[in-house]
Amino acid sequence: MPSPAAPQTVSPWPAPRVTAPLNADVRVPGSKSLTNRYLVLAALADGPSRLRAPLHSRDTALMVQSLRTLGATITEVDGDGAFGPDLEVQPMEQGSTSGAGIDCGLAGTVMRFVPPLAALKNGSTDFDGDPHARLRPMSAIIDALRGLGVAVHDDGTGALPFTVAGTGEVAGGRLEIDAGASSQFVSALLLSGARFRDGLHLVHTGSSVPSREHIGMTVQVLRGAGVEVDDSVPNEWRVAPGPIRAFDVEIEPDLSNAGPFLAAALVAGGTVRMAGWPEHTTQVGDRWRDILPRLGGTVTLSGGTLTVSGTGRITGADLADTSELAPTVAALCALAESPSTLTGIAHLRGHETDRLAALAAEITRLGGAARETADGLAIRPARLHGGTFETYADHRMATAGALIGLAVPGVFVEDIGTTAKTLPQFPQLWRELADSSGPTSETHRNGGVR
């Protein structure tokens with residue numbers, strides 16, 4: 001498991017540019033969303049569990065370290081995954097004494113999923129993270145724990161850093177929250193709800209919850225571990241108290257991380273294939289099968305392989321609720337021949353950075369025409385030029401810059417190392433993708449262009 005230390009800033013990364021159609025077979029590591037949900041469940045389970053082909057990245061390393069801090073034993077064991085070992089998890093002991101600090105880094109799943117576990121321990125647990133993490137919305141989970149009778153000390157900020165004072169038990173029962181800023185607030189409480197004395201009846205009281213697929217994913221993994229979850233009433237979830245069954249599970253590949261590679265076929269032309277695409281999945285990344293055709297690509301799924309083909313010409317589109325896929329979609333729209341609007345993504349202002357402001361700024365920096373709207377982005381065709389694409393410590397900003405660089409000469413990504421958050425192998429895999437276009441691809445070397 002990689003060290004959870006923050007990635008070091010490096011010199012701007014020269015994005016490979018290609019001038020011939022791609023012909024690539026791509027594989028990506030396991031889903032971050034699934035890996036971290038299963039790690040939390042394994043720490044609460046009634047026996048040892050195994051995660052096969054999990055993701056090994058900064059976010060998952062931070063989760064592993066936090067669960068070890070709370071008393072779980074997590075061991076790397078040999079497996080068949082192409083990107084690292086399997087993980088065996090011995091659960092933590094509920095009610096035992098805790099009293100340590102947890103580094104959340106910039107991982108939303110850690111800063112939101114782990115505090116309810118800390119409430120099940122005796123003693124205080126301190127939470128903090130990267131500088132950007134202190135700007136991320138956290139009041140919903142802090143207020144939720146207080147609503148459940150758990151003392152949380154945050155100096156009134158509603159953000160990191162804060163301290164959870166656990167008593168070894170959480171009563172549970174009915175709880176109302178406003179999860180309008182992030183679906184992770186719902187998932188965080190559902191994952192631990194079965195271990196609350198009276199279970200959990202969670203009610204969302206605000207407007208729409210963004211990224212509902214992630215809540216569906218949480219419900220599915222809970223049911224797979226034998227937890228009774230009733231989500232039949234809109235904006236309400238009931239989790240019955242009881243054990244969480246130990247499990248042995250293979251983690252699906254990360255379909256969101258697959259997005260830039262698939263989108264590359266539209267930018268450069270040619271074909272990109274990804275084996276291991278699940279026929280049925282709760283991952284939001286499955287939307288690529290609908291999004292890419294609307295932007296001019298051809299997409300087929302056959303025998304577990306997703307094939308995306310493009311001509312190198314991108315058509316703009318009006319797209320709603322692209323969620324965490326929006327940075328890649330915005331990069332495609334910046335290269336499109338007609339205008340695009342992305343709506344229903346106001347919540348991205350509270351992600352690793354304010355992604356709407358960042359995307360508008362960086363596309364404009366390269367000569368594009370992008371502006372923020374109340375709940376998204378409006379992007380018009382414009383001739384792009386080279387320059388440095390800033391990343392704001394955000395992995396999806398880095399991959400968006402790399403995607404634009406496939407078509408625009410002289411693009412440098414400020415800190416490609418931030419992709420280690422969810423895909424440490426990105427620079428290598430991206431260069432292999434570019435190389436699939438043959439000897440006519442252009443790659444910057446030492447600040448020059450070959």
# chains A, B, ... in the order shown; residues from 1 in each chain; ligands from 1
>>> residues_around(residues="region 186-202 of chain A", least_positions_apart="4", cutoff="7 Å", atoms="only C-alpha atoms", output="number ranges by chain")
A: 41, 112-113, 116-117, 169-176, 179, 215, 218, 227, 236-243
>>> write_last_selection(atoms="C-alpha atoms", output="mmCIF file, in the first residue's frame")
data_model
loop_
_atom_site.group_PDB
_atom_site.id
_atom_site.type_symbol
_atom_site.label_atom_id
_atom_site.label_comp_id
_atom_site.auth_asym_id
_atom_site.auth_seq_id
_atom_site.Cartn_x
_atom_site.Cartn_y
_atom_site.Cartn_z
ATOM 1 C CA LEU A 41 -17.558 -2.723 6.135
ATOM 2 C CA ARG A 112 -16.779 11.421 6.122
ATOM 3 C CA PHE A 113 -16.943 7.619 6.447
ATOM 4 C CA PRO A 116 -19.003 7.343 12.707
ATOM 5 C CA LEU A 117 -16.615 4.426 13.301
ATOM 6 C CA GLU A 169 -21.782 2.925 21.544
ATOM 7 C CA VAL A 170 -24.094 4.958 19.301
ATOM 8 C CA ALA A 171 -27.808 4.742 20.032
ATOM 9 C CA GLY A 172 -28.957 5.343 16.465
ATOM 10 C CA GLY A 173 -32.621 5.709 15.580
ATOM 11 C CA ARG A 174 -34.217 8.482 13.504
ATOM 12 C CA LEU A 175 -31.895 11.197 12.222
ATOM 13 C CA GLU A 176 -32.563 14.116 9.879
ATOM 14 C CA ALA A 179 -26.996 15.953 2.442
ATOM 15 C CA ILE A 215 -25.746 5.952 -2.375
ATOM 16 C CA THR A 218 -23.501 1.852 -0.608
ATOM 17 C CA VAL A 227 -27.424 -5.844 6.167
ATOM 18 C CA GLU A 236 -35.237 7.990 3.521
ATOM 19 C CA TRP A 237 -33.108 4.992 4.409
ATOM 20 C CA ARG A 238 -33.699 2.480 7.199
ATOM 21 C CA VAL A 239 -30.816 0.260 8.303
ATOM 22 C CA ALA A 240 -31.734 -2.566 10.676
ATOM 23 C CA PRO A 241 -29.371 -3.203 13.592
ATOM 24 C CA GLY A 242 -27.416 -6.421 13.387
ATOM 25 C CA PRO A 243 -24.170 -8.017 12.289
#
>>> residues_around(residues="Ala15 (chain A)", least_positions_apart="4", cutoff="8 Å", atoms="only C-alpha atoms", output="PyMOL selection string")
chain A and resi 401-402+405-406+410-413+443-444
>>> atom_distance(atom1="CA of Pro339 (chain A)", atom2="CA of Arg212 (chain A)")
27.4 Å
>>> select_by_dssp(residues="region 13-246 of chain A", states="strand (DSSP E)", output="PyMOL selection string")
chain A and resi 13-14+22-26+49-52+73-77+86-90+101-103+122-128+151-153+162-167+173-177+200-204+229-230+236-239
>>> closest_residue(among="A:Gly105, A:Pro12, A:Gly168, A:Gly304", to="Glu279 (chain A)", atoms="only C-alpha atoms")
A:Gly304
>>> decode(residues="region 136-191 of chain A", atoms="C-alpha atoms", output="PDB file, in the first residue's frame")
ATOM      1  CA  ARG A 136     -14.467  20.790   2.100  1.00  0.00           C
ATOM      2  CA  PRO A 137     -18.037  20.662   3.469  1.00  0.00           C
ATOM      3  CA  MET A 138     -18.184  18.653   6.703  1.00  0.00           C
ATOM      4  CA  SER A 139     -20.962  20.215   8.779  1.00  0.00           C
ATOM      5  CA  ALA A 140     -23.541  17.586   7.773  1.00  0.00           C
ATOM      6  CA  ILE A 141     -21.556  14.695   9.268  1.00  0.00           C
ATOM      7  CA  ILE A 142     -20.540  16.723  12.345  1.00  0.00           C
ATOM      8  CA  ASP A 143     -24.152  17.752  12.984  1.00  0.00           C
ATOM      9  CA  ALA A 144     -25.344  14.190  12.297  1.00  0.00           C
ATOM     10  CA  LEU A 145     -23.052  12.723  14.931  1.00  0.00           C
ATOM     11  CA  ARG A 146     -24.219  15.314  17.424  1.00  0.00           C
ATOM     12  CA  GLY A 147     -27.804  14.418  16.526  1.00  0.00           C
ATOM     13  CA  LEU A 148     -26.943  10.842  17.448  1.00  0.00           C
ATOM     14  CA  GLY A 149     -25.623  11.961  20.844  1.00  0.00           C
ATOM     15  CA  VAL A 150     -21.928  11.914  19.951  1.00  0.00           C
ATOM     16  CA  ALA A 151     -19.767  14.798  21.153  1.00  0.00           C
ATOM     17  CA  VAL A 152     -17.796  16.457  18.350  1.00  0.00           C
ATOM     18  CA  HIS A 153     -15.459  19.385  18.973  1.00  0.00           C
ATOM     19  CA  ASP A 154     -14.792  21.600  15.919  1.00  0.00           C
ATOM     20  CA  ASP A 155     -14.499  25.126  17.392  1.00  0.00           C
ATOM     21  CA  GLY A 156     -17.676  26.006  15.541  1.00  0.00           C
ATOM     22  CA  THR A 157     -16.150  25.721  12.071  1.00  0.00           C
ATOM     23  CA  GLY A 158     -18.169  22.785  10.724  1.00  0.00           C
ATOM     24  CA  ALA A 159     -14.982  21.627   9.035  1.00  0.00           C
ATOM     25  CA  LEU A 160     -11.665  19.899   9.643  1.00  0.00           C
ATOM     26  CA  PRO A 161      -9.939  19.739  12.056  1.00  0.00           C
ATOM     27  CA  PHE A 162     -12.327  18.248  14.621  1.00  0.00           C
ATOM     28  CA  THR A 163     -12.391  15.654  17.408  1.00  0.00           C
ATOM     29  CA  VAL A 164     -14.899  12.827  17.877  1.00  0.00           C
ATOM     30  CA  ALA A 165     -15.364  11.840  21.528  1.00  0.00           C
ATOM     31  CA  GLY A 166     -16.565   8.249  21.352  1.00  0.00           C
ATOM     32  CA  THR A 167     -18.274   6.401  24.184  1.00  0.00           C
ATOM     33  CA  GLY A 168     -18.167   2.900  22.705  1.00  0.00           C
ATOM     34  CA  GLU A 169     -21.782   2.925  21.544  1.00  0.00           C
ATOM     35  CA  VAL A 170     -24.094   4.958  19.301  1.00  0.00           C
ATOM     36  CA  ALA A 171     -27.808   4.742  20.032  1.00  0.00           C
ATOM     37  CA  GLY A 172     -28.957   5.343  16.465  1.00  0.00           C
ATOM     38  CA  GLY A 173     -32.621   5.709  15.580  1.00  0.00           C
ATOM     39  CA  ARG A 174     -34.217   8.482  13.504  1.00  0.00           C
ATOM     40  CA  LEU A 175     -31.895  11.197  12.222  1.00  0.00           C
ATOM     41  CA  GLU A 176     -32.563  14.116   9.879  1.00  0.00           C
ATOM     42  CA  ILE A 177     -29.743  15.666   7.829  1.00  0.00           C
ATOM     43  CA  ASP A 178     -29.287  17.890   4.807  1.00  0.00           C
ATOM     44  CA  ALA A 179     -26.996  15.953   2.442  1.00  0.00           C
ATOM     45  CA  GLY A 180     -27.329  18.449  -0.403  1.00  0.00           C
ATOM     46  CA  ALA A 181     -23.575  19.103  -0.446  1.00  0.00           C
ATOM     47  CA  SER A 182     -22.514  15.473  -0.909  1.00  0.00           C
ATOM     48  CA  SER A 183     -23.990  11.989  -1.134  1.00  0.00           C
ATOM     49  CA  GLN A 184     -21.055  10.864   1.021  1.00  0.00           C
ATOM     50  CA  PHE A 185     -22.862  12.157   4.111  1.00  0.00           C
ATOM     51  CA  VAL A 186     -25.630   9.608   3.513  1.00  0.00           C
ATOM     52  CA  SER A 187     -23.222   6.781   2.709  1.00  0.00           C
ATOM     53  CA  ALA A 188     -21.111   7.521   5.788  1.00  0.00           C
ATOM     54  CA  LEU A 189     -24.042   6.995   8.134  1.00  0.00           C
ATOM     55  CA  LEU A 190     -25.503   4.011   6.289  1.00  0.00           C
ATOM     56  CA  LEU A 191     -22.195   2.130   6.389  1.00  0.00           C
TER      57      LEU A 191
END
